[in-house]
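Pasting protein.cif here (mmCIF, C-alpha atoms):
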```
data_entry
#
loop_
_atom_site.group_PDB
_atom_site.id
_atom_site.type_symbol
_atom_site.label_atom_id
_atom_site.label_comp_id
_atom_site.auth_asym_id
_atom_site.auth_seq_id
_atom_site.Cartn_x
_atom_site.Cartn_y
_atom_site.Cartn_z
ATOM 1 C CA ASN D 1 -16.375 40.717 -12.162
ATOM 2 C CA TYR D 2 -14.241 38.143 -13.958
ATOM 3 C CA ILE D 3 -12.686 37.029 -10.651
ATOM 4 C CA CYS D 4 -16.134 36.734 -9.045
ATOM 5 C CA LEU D 5 -17.378 34.654 -11.959
ATOM 6 C CA GLU D 6 -14.369 32.339 -11.720
ATOM 7 C CA ILE D 7 -14.895 31.897 -7.957
ATOM 8 C CA TYR D 8 -18.584 31.155 -8.556
ATOM 9 C CA LYS D 9 -17.671 28.663 -11.272
ATOM 10 C CA PHE D 10 -15.432 26.719 -8.901
ATOM 11 C CA MET D 11 -17.651 27.069 -5.819
ATOM 12 C CA PRO D 12 -18.916 23.426 -6.013
ATOM 13 C CA HIS D 13 -15.285 22.250 -6.065
ATOM 14 C CA ILE D 14 -14.420 24.458 -3.096
ATOM 15 C CA ILE D 15 -17.399 23.260 -1.032
ATOM 16 C CA TYR D 16 -16.613 19.632 -1.833
ATOM 17 C CA TYR D 17 -12.914 19.683 -1.032
ATOM 18 C CA ILE D 18 -13.100 22.080 1.941
ATOM 19 C CA LEU D 19 -16.257 20.756 3.618
ATOM 20 C CA ILE D 20 -17.836 17.599 2.191
ATOM 21 C CA TYR D 21 -14.740 15.469 1.621
ATOM 22 C CA PRO D 22 -13.148 16.152 5.057
ATOM 23 C CA LEU D 23 -16.490 15.434 6.766
ATOM 24 C CA SER D 24 -16.848 12.139 4.892
ATOM 25 C CA LYS D 25 -13.505 10.984 6.300
ATOM 26 C CA LEU D 26 -14.668 11.326 9.904
ATOM 27 C CA PRO D 27 -15.598 8.169 11.877
ATOM 28 C CA TYR D 28 -19.272 7.349 12.284
ATOM 29 C CA PHE D 29 -19.468 8.132 16.001
ATOM 30 C CA ILE D 30 -18.424 11.742 15.295
ATOM 31 C CA LEU D 31 -20.672 12.007 12.247
ATOM 32 C CA TYR D 32 -23.713 10.986 14.304
ATOM 33 C CA ARG D 33 -22.953 13.727 16.854
ATOM 34 C CA ILE D 34 -22.946 16.155 13.919
ATOM 35 C CA SER D 35 -26.254 14.624 12.798
ATOM 36 C CA ASP D 36 -27.766 15.291 16.253
ATOM 37 C CA LEU D 37 -26.691 18.934 16.054
ATOM 38 C CA LEU D 38 -27.961 19.256 12.493
ATOM 39 C CA CYS D 39 -31.304 17.762 13.546
ATOM 40 C CA PHE D 40 -31.718 20.358 16.290
ATOM 41 C CA ILE D 41 -30.896 23.197 13.873
ATOM 42 C CA LEU D 42 -33.139 22.029 11.024
ATOM 43 C CA LYS D 43 -36.097 21.122 13.225
ATOM 44 C CA ASN D 44 -36.062 23.879 15.842
ATOM 45 C CA ILE D 45 -34.359 26.857 14.213
ATOM 46 C CA PHE D 46 -34.902 26.658 10.455
ATOM 47 C CA ARG D 47 -37.966 24.388 10.742
ATOM 48 C CA TYR D 48 -36.972 22.855 7.427
ATOM 49 C CA ARG D 49 -40.059 22.012 5.354
ATOM 50 C CA LYS D 50 -42.152 21.725 8.516
ATOM 51 C CA ARG D 51 -45.416 22.470 6.724
ATOM 52 C CA ILE D 52 -44.766 19.884 3.990
ATOM 53 C CA ILE D 53 -43.540 17.182 6.377
ATOM 54 C CA LYS D 54 -46.360 17.560 8.878
ATOM 55 C CA GLY D 55 -49.004 17.937 6.198
ATOM 56 C CA ASN D 56 -47.851 14.749 4.467
ATOM 57 C CA ILE D 57 -47.905 12.796 7.724
ATOM 58 C CA ILE D 58 -51.321 14.098 8.832
ATOM 59 C CA ARG D 59 -52.968 13.277 5.492
ATOM 60 C CA SER D 60 -51.327 9.854 5.348
ATOM 61 C CA PHE D 61 -52.440 8.826 8.851
ATOM 62 C CA PRO D 62 -55.831 10.426 9.525
ATOM 63 C CA GLU D 63 -56.463 7.853 12.263
ATOM 64 C CA LYS D 64 -53.483 8.957 14.383
ATOM 65 C CA ASN D 65 -53.739 11.478 17.197
ATOM 66 C CA VAL D 66 -51.588 14.571 17.709
ATOM 67 C CA ASP D 67 -49.022 12.807 19.897
ATOM 68 C CA GLU D 68 -48.564 10.012 17.356
ATOM 69 C CA ILE D 69 -48.173 12.509 14.511
ATOM 70 C CA ASN D 70 -45.581 14.477 16.480
ATOM 71 C CA ASP D 71 -43.692 11.282 17.304
ATOM 72 C CA ILE D 72 -43.373 10.417 13.600
ATOM 73 C CA TYR D 73 -42.436 14.027 12.834
ATOM 74 C CA ASN D 74 -39.648 14.141 15.431
ATOM 75 C CA LYS D 75 -38.236 10.722 14.563
ATOM 76 C CA PHE D 76 -38.260 11.599 10.872
ATOM 77 C CA TYR D 77 -35.963 14.578 11.447
ATOM 78 C CA THR D 78 -33.483 12.358 13.306
ATOM 79 C CA HIS D 79 -33.556 9.791 10.512
ATOM 80 C CA PHE D 80 -33.380 12.455 7.801
ATOM 81 C CA CYS D 81 -30.255 14.043 9.288
ATOM 82 C CA ASP D 82 -28.696 10.590 9.672
ATOM 83 C CA LEU D 83 -29.326 10.053 5.952
ATOM 84 C CA ILE D 84 -27.540 13.312 5.116
ATOM 85 C CA ILE D 85 -24.533 12.272 7.189
ATOM 86 C CA GLU D 86 -24.524 8.682 5.904
ATOM 87 C CA ASN D 87 -24.689 9.925 2.311
ATOM 88 C CA LEU D 88 -21.754 12.236 2.966
ATOM 89 C CA LYS D 89 -19.869 9.196 4.244
ATOM 90 C CA GLY D 90 -20.747 7.494 0.973
ATOM 91 C CA PHE D 91 -18.143 9.598 -0.846
ATOM 92 C CA THR D 92 -15.302 7.765 0.929
ATOM 93 C CA ILE D 93 -16.918 4.640 2.410
ATOM 94 C CA LYS D 94 -14.904 1.446 1.997
ATOM 95 C CA LYS D 95 -16.242 -1.847 0.673
ATOM 96 C CA ASN D 96 -15.851 -3.599 4.048
ATOM 97 C CA GLN D 97 -17.801 -0.803 5.762
ATOM 98 C CA ILE D 98 -20.669 -1.142 3.281
ATOM 99 C CA SER D 99 -20.889 -4.928 3.673
ATOM 100 C CA LYS D 100 -20.855 -4.494 7.459
ATOM 101 C CA ARG D 101 -23.559 -1.836 7.530
ATOM 102 C CA LEU D 102 -25.864 -3.242 4.843
ATOM 103 C CA THR D 103 -26.682 -6.912 4.373
ATOM 104 C CA MET D 104 -29.060 -8.651 1.969
ATOM 105 C CA SER D 105 -31.114 -11.494 3.387
ATOM 106 C CA ASN D 106 -32.038 -13.271 0.151
ATOM 107 C CA PRO D 107 -29.895 -12.170 -2.828
ATOM 108 C CA GLU D 108 -30.486 -15.598 -4.348
ATOM 109 C CA LEU D 109 -33.974 -14.461 -5.407
ATOM 110 C CA VAL D 110 -32.283 -12.072 -7.849
ATOM 111 C CA ASN D 111 -29.212 -14.171 -8.602
ATOM 112 C CA ASN D 112 -31.253 -17.213 -9.616
ATOM 113 C CA TYR D 113 -32.458 -15.308 -12.673
ATOM 114 C CA ILE D 114 -28.927 -14.890 -13.940
ATOM 115 C CA LYS D 115 -28.648 -18.696 -14.039
ATOM 116 C CA GLU D 116 -31.612 -18.612 -16.431
ATOM 117 C CA GLY D 117 -30.006 -15.816 -18.465
ATOM 118 C CA LYS D 118 -32.793 -13.386 -17.505
ATOM 119 C CA ASN D 119 -32.648 -9.643 -17.036
ATOM 120 C CA VAL D 120 -34.625 -8.204 -14.103
ATOM 121 C CA ILE D 121 -36.059 -4.931 -12.843
ATOM 122 C CA LEU D 122 -35.511 -3.942 -9.200
ATOM 123 C CA VAL D 123 -38.052 -1.422 -7.949
ATOM 124 C CA GLY D 124 -37.986 0.451 -4.655
ATOM 125 C CA GLY D 125 -38.837 3.723 -2.952
ATOM 126 C CA HIS D 126 -37.166 6.476 -0.959
ATOM 127 C CA TYR D 127 -37.427 4.480 2.226
ATOM 128 C CA ASN D 128 -34.537 4.080 4.678
ATOM 129 C CA ASN D 129 -31.105 4.476 3.069
ATOM 130 C CA TRP D 130 -31.527 3.857 -0.663
ATOM 131 C CA GLU D 131 -28.099 5.353 -1.427
ATOM 132 C CA ILE D 132 -26.025 2.800 0.482
ATOM 133 C CA THR D 133 -28.324 0.103 -0.914
ATOM 134 C CA ALA D 134 -27.471 1.175 -4.465
ATOM 135 C CA GLN D 135 -23.759 1.186 -3.626
ATOM 136 C CA ALA D 136 -24.010 -2.267 -2.030
ATOM 137 C CA CYS D 137 -25.943 -4.046 -4.806
ATOM 138 C CA PRO D 138 -22.806 -5.055 -6.772
ATOM 139 C CA LEU D 139 -21.387 -6.680 -3.621
ATOM 140 C CA TYR D 140 -24.306 -9.135 -3.426
ATOM 141 C CA LEU D 141 -25.872 -9.383 -6.880
ATOM 142 C CA ASN D 142 -24.372 -11.017 -9.971
ATOM 143 C CA HIS D 143 -26.211 -9.107 -12.698
ATOM 144 C CA GLN D 144 -24.688 -6.177 -14.534
ATOM 145 C CA LEU D 145 -26.291 -3.364 -12.533
ATOM 146 C CA PHE D 146 -27.841 -0.133 -13.802
ATOM 147 C CA ALA D 147 -29.901 2.513 -11.992
ATOM 148 C CA ILE D 148 -32.187 5.124 -13.547
ATOM 149 C CA TYR D 149 -31.501 8.615 -12.202
ATOM 150 C CA LYS D 150 -32.161 12.289 -12.881
ATOM 151 C CA PRO D 151 -28.865 14.117 -13.576
ATOM 152 C CA LEU D 152 -27.975 16.968 -11.220
ATOM 153 C CA LYS D 153 -27.787 20.539 -12.508
ATOM 154 C CA SER D 154 -24.198 20.856 -11.313
ATOM 155 C CA SER D 155 -21.978 18.862 -13.669
ATOM 156 C CA PHE D 156 -19.345 18.605 -10.918
ATOM 157 C CA TYR D 157 -21.715 17.061 -8.352
ATOM 158 C CA ASP D 158 -23.365 14.933 -11.012
ATOM 159 C CA LYS D 159 -19.972 13.430 -11.813
ATOM 160 C CA LYS D 160 -19.231 12.949 -8.104
ATOM 161 C CA MET D 161 -22.598 11.272 -7.533
ATOM 162 C CA ARG D 162 -22.066 8.879 -10.433
ATOM 163 C CA SER D 163 -18.590 7.956 -9.248
ATOM 164 C CA THR D 164 -19.789 7.555 -5.635
ATOM 165 C CA ARG D 165 -22.778 5.371 -6.432
ATOM 166 C CA GLY D 166 -20.834 3.433 -9.014
ATOM 167 C CA LYS D 167 -17.553 2.895 -7.193
ATOM 168 C CA TYR D 168 -18.242 -0.836 -6.752
ATOM 169 C CA GLY D 169 -19.962 -1.592 -10.060
ATOM 170 C CA LEU D 170 -23.305 0.246 -10.340
ATOM 171 C CA ASN D 171 -23.865 2.142 -13.613
ATOM 172 C CA LEU D 172 -26.130 5.213 -13.632
ATOM 173 C CA ILE D 173 -28.516 5.807 -16.539
ATOM 174 C CA PRO D 174 -29.958 9.297 -17.207
ATOM 175 C CA MET D 175 -33.746 9.005 -17.408
ATOM 176 C CA LYS D 176 -33.864 10.122 -21.048
ATOM 177 C CA LEU D 177 -31.594 7.197 -22.054
ATOM 178 C CA THR D 178 -33.605 4.482 -20.285
ATOM 179 C CA LYS D 179 -34.879 2.814 -23.455
ATOM 180 C CA LYS D 180 -31.386 2.719 -24.955
ATOM 181 C CA TYR D 181 -30.071 0.729 -21.999
ATOM 182 C CA PHE D 182 -32.950 -1.728 -22.068
ATOM 183 C CA GLU D 183 -32.013 -2.501 -25.654
ATOM 184 C CA LEU D 184 -28.277 -2.509 -24.969
ATOM 185 C CA GLU D 185 -26.533 -5.806 -25.569
ATOM 186 C CA SER D 186 -24.470 -6.753 -22.516
ATOM 187 C CA GLU D 187 -22.008 -9.503 -21.651
ATOM 188 C CA SER D 188 -24.237 -10.741 -18.828
ATOM 189 C CA PRO D 189 -27.913 -10.271 -17.858
ATOM 190 C CA LYS D 190 -28.858 -6.830 -16.567
ATOM 191 C CA ALA D 191 -30.610 -5.667 -13.407
ATOM 192 C CA ILE D 192 -32.104 -2.199 -13.826
ATOM 193 C CA ILE D 193 -33.080 -0.274 -10.688
ATOM 194 C CA PHE D 194 -36.075 2.074 -10.560
ATOM 195 C CA GLY D 195 -37.011 4.442 -7.740
ATOM 196 C CA SER D 196 -40.715 4.659 -8.490
ATOM 197 C CA ASP D 197 -42.217 6.748 -5.693
ATOM 198 C CA GLN D 198 -41.265 10.188 -6.996
ATOM 199 C CA SER D 199 -43.936 12.707 -7.898
ATOM 200 C CA PRO D 200 -44.534 12.429 -11.674
ATOM 201 C CA SER D 201 -43.949 15.566 -13.708
ATOM 202 C CA ASN D 202 -46.741 14.667 -16.145
ATOM 203 C CA VAL D 203 -49.898 13.669 -14.244
ATOM 204 C CA LYS D 204 -51.654 12.475 -17.407
ATOM 205 C CA ASN D 205 -48.957 9.868 -18.069
ATOM 206 C CA ALA D 206 -48.858 8.722 -14.446
ATOM 207 C CA TYR D 207 -50.606 5.680 -13.046
ATOM 208 C CA TRP D 208 -53.054 6.737 -10.317
ATOM 209 C CA THR D 209 -53.956 4.657 -7.299
ATOM 210 C CA THR D 210 -54.711 5.104 -3.602
ATOM 211 C CA PHE D 211 -51.529 5.342 -1.553
ATOM 212 C CA LEU D 212 -51.387 6.336 2.124
ATOM 213 C CA ASN D 213 -55.079 7.305 2.034
ATOM 214 C CA GLN D 214 -54.641 9.705 -0.881
ATOM 215 C CA ASP D 215 -54.993 9.723 -4.657
ATOM 216 C CA THR D 216 -51.394 9.327 -5.787
ATOM 217 C CA GLY D 217 -49.756 9.349 -9.198
ATOM 218 C CA PHE D 218 -46.859 6.968 -9.801
ATOM 219 C CA LEU D 219 -44.235 6.922 -12.508
ATOM 220 C CA PHE D 220 -45.222 4.146 -14.905
ATOM 221 C CA GLY D 221 -41.777 3.425 -16.361
ATOM 222 C CA ALA D 222 -40.980 0.296 -14.353
ATOM 223 C CA GLU D 223 -44.188 -1.442 -15.461
ATOM 224 C CA LYS D 224 -43.972 -0.215 -19.056
ATOM 225 C CA TYR D 225 -40.427 -1.486 -19.569
ATOM 226 C CA ALA D 226 -41.125 -4.731 -17.715
ATOM 227 C CA LYS D 227 -43.971 -5.491 -20.121
ATOM 228 C CA ASP D 228 -42.165 -4.270 -23.245
ATOM 229 C CA TYR D 229 -39.015 -6.309 -22.584
ATOM 230 C CA ASP D 230 -40.421 -9.109 -20.397
ATOM 231 C CA PHE D 231 -38.211 -8.439 -17.351
ATOM 232 C CA PRO D 232 -39.261 -10.039 -14.025
ATOM 233 C CA VAL D 233 -39.930 -7.345 -11.401
ATOM 234 C CA ILE D 234 -38.587 -7.578 -7.853
ATOM 235 C CA TYR D 235 -39.392 -5.237 -4.966
ATOM 236 C CA VAL D 236 -36.529 -3.972 -2.796
ATOM 237 C CA HIS D 237 -37.458 -3.598 0.877
ATOM 238 C CA ILE D 238 -34.875 -1.790 3.034
ATOM 239 C CA GLU D 239 -35.219 -2.326 6.781
ATOM 240 C CA LYS D 240 -33.417 -0.271 9.415
ATOM 241 C CA ILE D 241 -31.912 -2.532 12.094
ATOM 242 C CA LYS D 242 -30.400 0.257 14.178
ATOM 243 C CA ARG D 243 -28.712 3.581 13.594
ATOM 244 C CA GLY D 244 -26.512 3.230 10.525
ATOM 245 C CA TYR D 245 -27.300 -0.457 9.891
ATOM 246 C CA TYR D 246 -29.721 -1.840 7.304
ATOM 247 C CA THR D 247 -30.808 -5.091 5.739
ATOM 248 C CA VAL D 248 -32.454 -5.615 2.358
ATOM 249 C CA HIS D 249 -35.099 -8.203 1.554
ATOM 250 C CA PHE D 250 -36.229 -8.904 -2.019
ATOM 251 C CA GLU D 251 -39.852 -9.758 -2.856
ATOM 252 C CA LEU D 252 -41.036 -10.976 -6.252
ATOM 253 C CA ILE D 253 -43.802 -8.898 -7.825
ATOM 254 C CA THR D 254 -44.034 -10.921 -11.036
ATOM 255 C CA ASP D 255 -41.855 -13.015 -13.326
ATOM 256 C CA GLN D 256 -44.454 -12.933 -16.101
ATOM 257 C CA PRO D 257 -45.092 -9.214 -16.588
ATOM 258 C CA LYS D 258 -46.641 -9.607 -20.038
ATOM 259 C CA ASN D 259 -49.440 -11.695 -18.500
ATOM 260 C CA GLU D 260 -50.331 -9.170 -15.786
ATOM 261 C CA GLU D 261 -53.251 -6.761 -16.016
ATOM 262 C CA HIS D 262 -52.529 -3.113 -16.699
ATOM 263 C CA GLY D 263 -51.438 -1.415 -13.461
ATOM 264 C CA PHE D 264 -50.797 -4.626 -11.519
ATOM 265 C CA ILE D 265 -47.029 -4.082 -11.155
ATOM 266 C CA ILE D 266 -47.237 -0.463 -9.992
ATOM 267 C CA THR D 267 -50.177 -1.208 -7.681
ATOM 268 C CA ASP D 268 -48.383 -4.144 -6.075
ATOM 269 C CA PHE D 269 -45.237 -2.053 -5.670
ATOM 270 C CA SER D 270 -47.210 0.769 -4.036
ATOM 271 C CA LYS D 271 -48.938 -1.648 -1.618
ATOM 272 C CA LYS D 272 -45.630 -3.197 -0.579
ATOM 273 C CA LEU D 273 -44.066 0.216 -0.006
ATOM 274 C CA GLU D 274 -47.170 1.412 1.849
ATOM 275 C CA SER D 275 -46.988 -1.617 4.141
ATOM 276 C CA ASN D 276 -43.348 -0.873 4.960
ATOM 277 C CA ILE D 277 -44.178 2.771 5.693
ATOM 278 C CA ASN D 278 -47.096 1.797 7.940
ATOM 279 C CA ASP D 279 -44.802 -0.526 9.893
ATOM 280 C CA ASN D 280 -42.164 2.195 10.474
ATOM 281 C CA PRO D 281 -43.456 5.605 9.351
ATOM 282 C CA PRO D 282 -40.430 7.823 10.207
ATOM 283 C CA TYR D 283 -38.192 6.178 7.621
ATOM 284 C CA TRP D 284 -39.886 7.417 4.434
ATOM 285 C CA LEU D 285 -38.901 10.721 2.801
ATOM 286 C CA TRP D 286 -41.695 12.882 4.204
ATOM 287 C CA SER D 287 -39.898 16.102 3.233
ATOM 288 C CA HIS D 288 -40.578 15.376 -0.443
ATOM 289 C CA HIS D 289 -43.522 17.379 -1.831
ATOM 290 C CA ARG D 290 -45.113 14.096 -2.940
ATOM 291 C CA TRP D 291 -48.691 15.240 -3.492
ATOM 292 C CA LYS D 292 -48.083 18.609 -5.153
ATOM 293 C CA ARG D 293 -49.995 17.567 -8.283
ATOM 294 C CA ALA D 294 -53.673 16.679 -8.236
ATOM 295 C CA LYS D 295 -55.269 13.767 -10.056
ATOM 296 C CA PRO D 296 -56.578 14.970 -13.423
ATOM 297 C CA GLN D 297 -60.298 14.828 -14.074
#
```

What would the structure in this file look like if it were written as structure tokens?
Amino acid sequence: NYICLEIYKFMPHIIYYILIYPLSKLPYFILYRISDLLCFILKNIFRYRKRIIKGNIIRSFPEKNVDEINDIYNKFYTHFCDLIIENLKGFTIKKNQISKRLTMSNPELVNNYIKEGKNVILVGGHYNNWEITAQACPLYLNHQLFAIYKPLKSSFYDKKMRSTRGKYGLNLIPMKLTKKYFELESESPKAIIFGSDQSPSNVKNAYWTTFLNQDTGFLFGAEKYAKDYDFPVIYVHIEKIKRGYYTVHFELITDQPKNEEHGFIITDFSKKLESNINDNPPYWLWSHHRWKRAKPQ
């Protein structure tokens, strides 16, 4: 029993060093062949989250016919498996590979605030490859960069994720320490990244609006902290150019958050994200159980 417990204890290490790390060292053209195989297995054999994925798409696009729904469904699986493979590559990706595969069209929108000595909030969603975007931010942006995240249950993989995302300068902040980092004195202005399209755990504290034709609760943290600390808020739009290549465009939501009406920041964020999803539906994370909680009465 002791031996079994020790093996179980080190299982994350074994999986990482025997499977994940060697895979991440493979060239992209081989990784995408693996992605094609994985897509076939997940979609046709295991039917991974088929009910959730299709249900989300159908409710979000009631105007689309069966063929259009199936087209989004099939393309999502291809994109989803590419994300898995690209995120595996993230463990060993080099700086020159990141700058080649992800560009930022207007980093000056963010960088101009550092000239004014201003901190900013960057807000985005789980659209296209948000992982490589997080890794790439320090290559283009001059602020001291932080990202809010939910720690993983496995301490080993949590440490690996933090080192992977932060290998070029991004610092990860556990959600429960968010306020501490907003108040933290730093050598240079901060940019704090929020992923604000997750399903909120507490529906009563969420901000509710209409998103993709449904009542949807949004995490309110980005707006709350923007107003409390007077940080300009900038939306991060990730566009897929072709397989494995992305470009980021920044859009200002507000640089006077204290003057905005309650809910303006989150509503504007949700409309921008919704517009991106409507333009290219397969690239959002449809496998997430986004609408599992109903709007409270």

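Protein, DNA and RNA residues at most 7 Å from (-39.0, -8.6, -8.3), with all atoms listed in the file, are these: Ile121, Leu122, Pro232, Val233, Ile234, Tyr235, Phe250, Glu251, Leu252, Ile253 and Thr254 of chain D.
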
Next on the checklist: Counting all atoms listed in the file, which residues have an atom no more than 12 Å from (-45.2, 8.8, 14.3) in the file's coordinates? Please list them as a ChimeraX atom specification.
Outcome noted: /D:53-54,56-58,60-77,277-284,286

Selected residues, C-alpha atoms, written as an mmCIF file, in the coordinates of the input, please.
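Output saved as result-v9.cif:
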```
data_model
loop_
_atom_site.group_PDB
_atom_site.id
_atom_site.type_symbol
_atom_site.label_atom_id
_atom_site.label_comp_id
_atom_site.auth_asym_id
_atom_site.auth_seq_id
_atom_site.Cartn_x
_atom_site.Cartn_y
_atom_site.Cartn_z
ATOM 1 C CA ILE D 53 -43.540 17.182 6.377
ATOM 2 C CA LYS D 54 -46.360 17.560 8.878
ATOM 3 C CA ASN D 56 -47.851 14.749 4.467
ATOM 4 C CA ILE D 57 -47.905 12.796 7.724
ATOM 5 C CA ILE D 58 -51.321 14.098 8.832
ATOM 6 C CA SER D 60 -51.327 9.854 5.348
ATOM 7 C CA PHE D 61 -52.440 8.826 8.851
ATOM 8 C CA PRO D 62 -55.831 10.426 9.525
ATOM 9 C CA GLU D 63 -56.463 7.853 12.263
ATOM 10 C CA LYS D 64 -53.483 8.957 14.383
ATOM 11 C CA ASN D 65 -53.739 11.478 17.197
ATOM 12 C CA VAL D 66 -51.588 14.571 17.709
ATOM 13 C CA ASP D 67 -49.022 12.807 19.897
ATOM 14 C CA GLU D 68 -48.564 10.012 17.356
ATOM 15 C CA ILE D 69 -48.173 12.509 14.511
ATOM 16 C CA ASN D 70 -45.581 14.477 16.480
ATOM 17 C CA ASP D 71 -43.692 11.282 17.304
ATOM 18 C CA ILE D 72 -43.373 10.417 13.600
ATOM 19 C CA TYR D 73 -42.436 14.027 12.834
ATOM 20 C CA ASN D 74 -39.648 14.141 15.431
ATOM 21 C CA LYS D 75 -38.236 10.722 14.563
ATOM 22 C CA PHE D 76 -38.260 11.599 10.872
ATOM 23 C CA TYR D 77 -35.963 14.578 11.447
ATOM 24 C CA ILE D 277 -44.178 2.771 5.693
ATOM 25 C CA ASN D 278 -47.096 1.797 7.940
ATOM 26 C CA ASP D 279 -44.802 -0.526 9.893
ATOM 27 C CA ASN D 280 -42.164 2.195 10.474
ATOM 28 C CA PRO D 281 -43.456 5.605 9.351
ATOM 29 C CA PRO D 282 -40.430 7.823 10.207
ATOM 30 C CA TYR D 283 -38.192 6.178 7.621
ATOM 31 C CA TRP D 284 -39.886 7.417 4.434
ATOM 32 C CA TRP D 286 -41.695 12.882 4.204
#
```

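Note that CA of Ile265 (chain D) and CA of Leu83 (chain D) are 28.4 Å apart.
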
Checklist entry - Given the file above and the PyMOL selection byres ((chain D and resi 190) around 7), which residues are selected, and can you give them as JSON, numbers by chain? => result {"D": [119, 120, 143, 144, 145, 188, 189, 191, 192]}

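Rounded to one decimal, CA of Leu26 (chain D) and CA of Leu88 (chain D) lie 10.0 Å from each other.
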
Next on the checklist: When the PyMOL selection byres ((chain D and resi 204) around 12) is applied to the structure above, which residues does it catch, written out as a VMD selection string?
Outcome noted: chain D and resid 200 to 203 205 to 208 217 to 220 293 to 297

Next on the checklist: Would you pick out the contacts of Ser35 (chain D) at 12 Å or less, using all atoms listed in the file, so that residues sharing its chain but fewer than 4 positions from it are not included, and give the list as a ChimeraX atom specification?
Outcome noted: /D:23,28-31,39-43,77-89,243-244

Who sits within 12 Å of Phe264 (chain D), only C-alpha atoms, same chain under 2 positions skipped, as a PDB file with C-alpha atoms, in the coordinates of the input:
```
ATOM      1  CA  TYR D 207     -50.606   5.680 -13.046  1.00  0.00           C
ATOM      2  CA  TRP D 208     -53.054   6.737 -10.317  1.00  0.00           C
ATOM      3  CA  THR D 209     -53.956   4.657  -7.299  1.00  0.00           C
ATOM      4  CA  PHE D 220     -45.222   4.146 -14.905  1.00  0.00           C
ATOM      5  CA  ALA D 222     -40.980   0.296 -14.353  1.00  0.00           C
ATOM      6  CA  GLU D 223     -44.188  -1.442 -15.461  1.00  0.00           C
ATOM      7  CA  LYS D 224     -43.972  -0.215 -19.056  1.00  0.00           C
ATOM      8  CA  ALA D 226     -41.125  -4.731 -17.715  1.00  0.00           C
ATOM      9  CA  LYS D 227     -43.971  -5.491 -20.121  1.00  0.00           C
ATOM     10  CA  VAL D 233     -39.930  -7.345 -11.401  1.00  0.00           C
ATOM     11  CA  ILE D 253     -43.802  -8.898  -7.825  1.00  0.00           C
ATOM     12  CA  THR D 254     -44.034 -10.921 -11.036  1.00  0.00           C
ATOM     13  CA  GLN D 256     -44.454 -12.933 -16.101  1.00  0.00           C
ATOM     14  CA  PRO D 257     -45.092  -9.214 -16.588  1.00  0.00           C
ATOM     15  CA  LYS D 258     -46.641  -9.607 -20.038  1.00  0.00           C
ATOM     16  CA  ASN D 259     -49.440 -11.695 -18.500  1.00  0.00           C
ATOM     17  CA  GLU D 260     -50.331  -9.170 -15.786  1.00  0.00           C
ATOM     18  CA  GLU D 261     -53.251  -6.761 -16.016  1.00  0.00           C
ATOM     19  CA  HIS D 262     -52.529  -3.113 -16.699  1.00  0.00           C
ATOM     20  CA  ILE D 266     -47.237  -0.463  -9.992  1.00  0.00           C
ATOM     21  CA  THR D 267     -50.177  -1.208  -7.681  1.00  0.00           C
ATOM     22  CA  ASP D 268     -48.383  -4.144  -6.075  1.00  0.00           C
ATOM     23  CA  PHE D 269     -45.237  -2.053  -5.670  1.00  0.00           C
ATOM     24  CA  SER D 270     -47.210   0.769  -4.036  1.00  0.00           C
ATOM     25  CA  LYS D 271     -48.938  -1.648  -1.618  1.00  0.00           C
TER      26      LYS D 271
END
```

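From CA of Pro138 (chain D) back to CA of Gly169 (chain D), the distance works out to 5.6 Å.
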
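Applied to this file, the PyMOL selection byres ((chain D and resi 178) around 12) selects the residues Phe146, Ala147, Ile148, Tyr149, Lys150, Leu172, Ile173, Pro174, Met175, Lys176, Leu177, Lys179, Lys180, Tyr181, Phe182, Glu183, Leu184, Ile192, Ile193, Phe194, Gly221, Ala222, Lys224 and Tyr225 of chain D.
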
Just-selected residues, C-alpha atoms written as a JSON list (two decimals), in the frame of the given file:
```json
[["chain", "number", "residue", "atom", "x", "y", "z"],
["D", 146, "PHE", "CA", -27.84, -0.13, -13.80],
["D", 147, "ALA", "CA", -29.90, 2.51, -11.99],
["D", 148, "ILE", "CA", -32.19, 5.12, -13.55],
["D", 149, "TYR", "CA", -31.50, 8.62, -12.20],
["D", 150, "LYS", "CA", -32.16, 12.29, -12.88],
["D", 172, "LEU", "CA", -26.13, 5.21, -13.63],
["D", 173, "ILE", "CA", -28.52, 5.81, -16.54],
["D", 174, "PRO", "CA", -29.96, 9.30, -17.21],
["D", 175, "MET", "CA", -33.75, 9.01, -17.41],
["D", 176, "LYS", "CA", -33.86, 10.12, -21.05],
["D", 177, "LEU", "CA", -31.59, 7.20, -22.05],
["D", 179, "LYS", "CA", -34.88, 2.81, -23.46],
["D", 180, "LYS", "CA", -31.39, 2.72, -24.96],
["D", 181, "TYR", "CA", -30.07, 0.73, -22.00],
["D", 182, "PHE", "CA", -32.95, -1.73, -22.07],
["D", 183, "GLU", "CA", -32.01, -2.50, -25.65],
["D", 184, "LEU", "CA", -28.28, -2.51, -24.97],
["D", 192, "ILE", "CA", -32.10, -2.20, -13.83],
["D", 193, "ILE", "CA", -33.08, -0.27, -10.69],
["D", 194, "PHE", "CA", -36.08, 2.07, -10.56],
["D", 221, "GLY", "CA", -41.78, 3.42, -16.36],
["D", 222, "ALA", "CA", -40.98, 0.30, -14.35],
["D", 224, "LYS", "CA", -43.97, -0.22, -19.06],
["D", 225, "TYR", "CA", -40.43, -1.49, -19.57]]
```

Item to check | Counting only C-alpha atoms, the residue of D:Gln97, D:Asn129, D:Thr216, D:Asn112 that sits nearest Val248 (chain D) | outcome: D:Asn129

Next on the checklist: Measuring between only C-alpha atoms, which one of D:Phe156, D:Thr133, D:Lys118, D:Gln198 shows the shortest distance to Ser186 (chain D)?
Outcome noted: D:Lys118
